[in-house]
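Here the structure is laid out as structure tokens; the discussion comes afterwards.
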Amino acid sequence: MSITLISLISMGAVGAVLAAGLVVASKKLAVETDPTADEIEAVLPGANCGGCGYAGCRAFAEALAGRKAPVDGCPVGGAKVAALVARILGMEPVEGATRKVAQVLCKGGRAEAKLLAEWEGPRDCRIAQNTQNGSFKGCSYGCLGLGTCVAACPFDAMYMDENGLPVVIEDKCTGCGMCVKACPRNIIVLAEEPQGVHIRCRSLALGKDVRVVCTVGCIACRRCEKECPVNAITVEDNLARIAYDKCINCRKCVAVCPMNTIEYQEGKPVLKKLRAS
Amino acid sequence: MELFLIFIGAVFVNNFVLVRFLGTCPFMGVSKQVETAMGMGAATTFVMVVTAAVTWVLQWFVLEPFGLPFLQTPVFILVIAAMVQLVEMFLHKTIPNLYRALGIYLPLITTNCAVLGFSLIAAQEAYSFVEAVVFGLGAGIGFTLALMLMAGMREELRFADVPEPLMPTGIAFILAGLLSLAFSGFAGLV
């Protein structure tokens, strides 16, 4: 018998025996996975960012399959993924769900807001805040500018500008909220993507104290509150606050703000429809 | 005594990871936590022991009598792949958490050169059946030991003041080198 034949037969036999063993094992050790969860996992973004509050996309898919999580729970996938998931689960797609993006509510970079000292510690806002209350910055509410939010962004959707403020690249932002959690001064919020008017200040200090440390902070002069046609702005605790669900992007507040705290993002149109008043 | 020496030799003197430099991929990849390192080590040890037994039978009852020693490598790889499949199914069924923690490194035991390396060495040294199994056990335990030592050190790194450019992988390579250096102290013991 030729060596080739012997090789073929012996290799084939070894392979067949091992295969038979594996077939038996796979029957005995079969794990029942939920086919619905598999299907849902396939349409999820797969970034495992944890924005939904679950350990990862797989855990979220399992929760969805068990109807324990909302179909639009994935902030990264947004409306598109919610619709796909809803179809898999045999539900009607959610209406009017829009994408959320992060907004940085501070305009006081190095040029506008005074630094009392230079921070030489680790480049981490949380450390600066927890050890020194971030006291190197004049404003005790404003951005510390050490880039902790940028480091936390899993999608490279943020960068620090030369003025020392974080900038959100809205096209890349998925609204996962990691930066919101990372910021020790709670400066970053999530807002629906069409929202174009933002009051970029979080300072609860009195107006005259704000003026000392920052040239663009809210001094609670109430002009925006009076100007707003839909009563979306209220001034409370020395800070103007905007209700995003009422705002129609009309920009009247932007025009009257003496400190230029209120900002309008170019390219976001006036929302025609008056939302819930 | 002979068996004991083979065992000690495989665990310390010729530790597969730190002295022979085989299987370094999971050594770097799964050595971040002691717990997963232990799971990985246990899975690899199991694969090694079973592979030792099966490859011994194949080597001396199939390959040698039929004059096919040139098929050694593919046959051994086949056996290892089948064993890894078995372990994978077993873990998925019984310890799903460990299965998830090991991730890609579990199927990668198939291509772990420590497993293939030790079965080739066992065949080359013409070990008896019991010797081969003990050698496999020693190799597996040596692998587990290396992984766990490394994981223990890497867990402690959190409290160390490591220069920024060396984080997180660079310092791990330095650690691996120091660990290997330490193990070279066992040379000549057996």
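All residue names refer to the structure tokens as shown: chains lettered A, B, ... in order, residues numbered from 1 in each chain, ligands numbered from 1 in order.
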Report as JSON lines the residues of chain B within 9 Å of chain A, each with its shortest atom pair and distance in Å (one decimal), using only C-alpha atoms, ordered by chain and increasing residue number.
{"residue": "B:Leu58", "atom": "CA", "partner": "A:Val14", "partner_atom": "CA", "distance": 8.5}
{"residue": "B:Val62", "atom": "CA", "partner": "A:Ser10", "partner_atom": "CA", "distance": 7.3}
{"residue": "B:Leu63", "atom": "CA", "partner": "A:Ser10", "partner_atom": "CA", "distance": 8.4}
{"residue": "B:Phe66", "atom": "CA", "partner": "A:Ile6", "partner_atom": "CA", "distance": 7.3}
{"residue": "B:Gly67", "atom": "CA", "partner": "A:Ile3", "partner_atom": "CA", "distance": 8.1}
{"residue": "B:Leu68", "atom": "CA", "partner": "A:Ser7", "partner_atom": "CA", "distance": 6.9}
{"residue": "B:Leu71", "atom": "CA", "partner": "A:Ser7", "partner_atom": "CA", "distance": 7.8}
{"residue": "B:Pro74", "atom": "CA", "partner": "A:Met11", "partner_atom": "CA", "distance": 9.0}
{"residue": "B:Val75", "atom": "CA", "partner": "A:Met11", "partner_atom": "CA", "distance": 7.1}
{"residue": "B:Leu78", "atom": "CA", "partner": "A:Gly15", "partner_atom": "CA", "distance": 7.4}
{"residue": "B:Val79", "atom": "CA", "partner": "A:Leu18", "partner_atom": "CA", "distance": 7.3}
{"residue": "B:Ala82", "atom": "CA", "partner": "A:Leu18", "partner_atom": "CA", "distance": 6.4}
{"residue": "B:Met83", "atom": "CA", "partner": "A:Leu22", "partner_atom": "CA", "distance": 8.7}
{"residue": "B:Gln85", "atom": "CA", "partner": "A:Leu22", "partner_atom": "CA", "distance": 7.5}
{"residue": "B:Leu86", "atom": "CA", "partner": "A:Leu22", "partner_atom": "CA", "distance": 6.7}
{"residue": "B:Met89", "atom": "CA", "partner": "A:Leu29", "partner_atom": "CA", "distance": 6.1}
{"residue": "B:Phe90", "atom": "CA", "partner": "A:Leu29", "partner_atom": "CA", "distance": 6.2}
{"residue": "B:His92", "atom": "CA", "partner": "A:Val31", "partner_atom": "CA", "distance": 7.0}
{"residue": "B:Lys93", "atom": "CA", "partner": "A:Val31", "partner_atom": "CA", "distance": 5.6}
{"residue": "B:Thr94", "atom": "CA", "partner": "A:Leu29", "partner_atom": "CA", "distance": 8.6}
Counting only C-alpha atoms, what is within 12 Å of A:Asp209, bar same-chain residues fewer than 3 positions away, as JSON, numbers by chain?
-> {"A": [138, 139, 140, 141, 203, 204, 205, 206, 212, 213, 214, 215, 217, 218, 219, 220, 238]}
From A:Cys224, A:Cys201, A:Cys179, A:Ala13, residue lying nearest A:Leu239 [only C-alpha atoms] =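 Between A:Cys224, A:Cys201, A:Cys179, A:Ala13, the residue approaching A:Leu239 most closely is A:Cys201.
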Hey, what does DSSP flag as strand (DSSP E) within stretch 12-230 of chain A? Can you give it to me as a PyMOL selection string?
-> chain A and resi 100-104+158-160+166-168+188-192+197-199
Tell me, as JSON, numbers by chain, which residues lie within 10 Å of A:Lys268, counting only C-alpha atoms; anything in the same chain fewer than 5 positions away does not count.
-> {"A": [193, 194, 195, 196, 197, 249]}
Keeping C-alpha atoms, export the residues of the selection given above as an mmCIF file, in the first residue's frame.
data_model
loop_
_atom_site.group_PDB
_atom_site.id
_atom_site.type_symbol
_atom_site.label_atom_id
_atom_site.label_comp_id
_atom_site.auth_asym_id
_atom_site.auth_seq_id
_atom_site.Cartn_x
_atom_site.Cartn_y
_atom_site.Cartn_z
ATOM 1 C CA GLU A 193 -29.751 67.231 17.754
ATOM 2 C CA PRO A 194 -32.007 69.914 16.131
ATOM 3 C CA GLN A 195 -31.753 72.064 19.247
ATOM 4 C CA GLY A 196 -29.627 75.056 18.257
ATOM 5 C CA VAL A 197 -29.882 77.582 21.101
ATOM 6 C CA ASN A 249 -34.631 78.173 17.980
#
Write out as a VMD selection string which residues come within 9 Å of B:Ala172 when counting only C-alpha atoms, dropping same-chain ones fewer than 6 positions away.
-> chain B and resid 28 150 153 to 154 166
Okay, now the selection with N, CA and C atoms, as a PDB file, in the first residue's frame?
ATOM      1  N   MET B  28       0.391  37.601  27.480  1.00  0.00           N
ATOM      2  CA  MET B  28       0.192  39.045  27.541  1.00  0.00           C
ATOM      3  C   MET B  28      -1.299  39.389  27.537  1.00  0.00           C
ATOM      4  N   MET B 150       1.995  36.860  36.540  1.00  0.00           N
ATOM      5  CA  MET B 150       1.935  38.062  35.721  1.00  0.00           C
ATOM      6  C   MET B 150       0.682  38.880  36.065  1.00  0.00           C
ATOM      7  N   MET B 153       0.961  40.671  39.354  1.00  0.00           N
ATOM      8  CA  MET B 153       1.805  41.858  39.273  1.00  0.00           C
ATOM      9  C   MET B 153       1.095  42.980  38.538  1.00  0.00           C
ATOM     10  N   ARG B 154       0.364  42.615  37.474  1.00  0.00           N
ATOM     11  CA  ARG B 154      -0.303  43.672  36.700  1.00  0.00           C
ATOM     12  C   ARG B 154      -1.445  44.295  37.491  1.00  0.00           C
ATOM     13  N   LEU B 166       4.749  54.242  29.207  1.00  0.00           N
ATOM     14  CA  LEU B 166       4.850  52.788  29.359  1.00  0.00           C
ATOM     15  C   LEU B 166       3.499  52.149  29.635  1.00  0.00           C
TER      16      LEU B 166
END
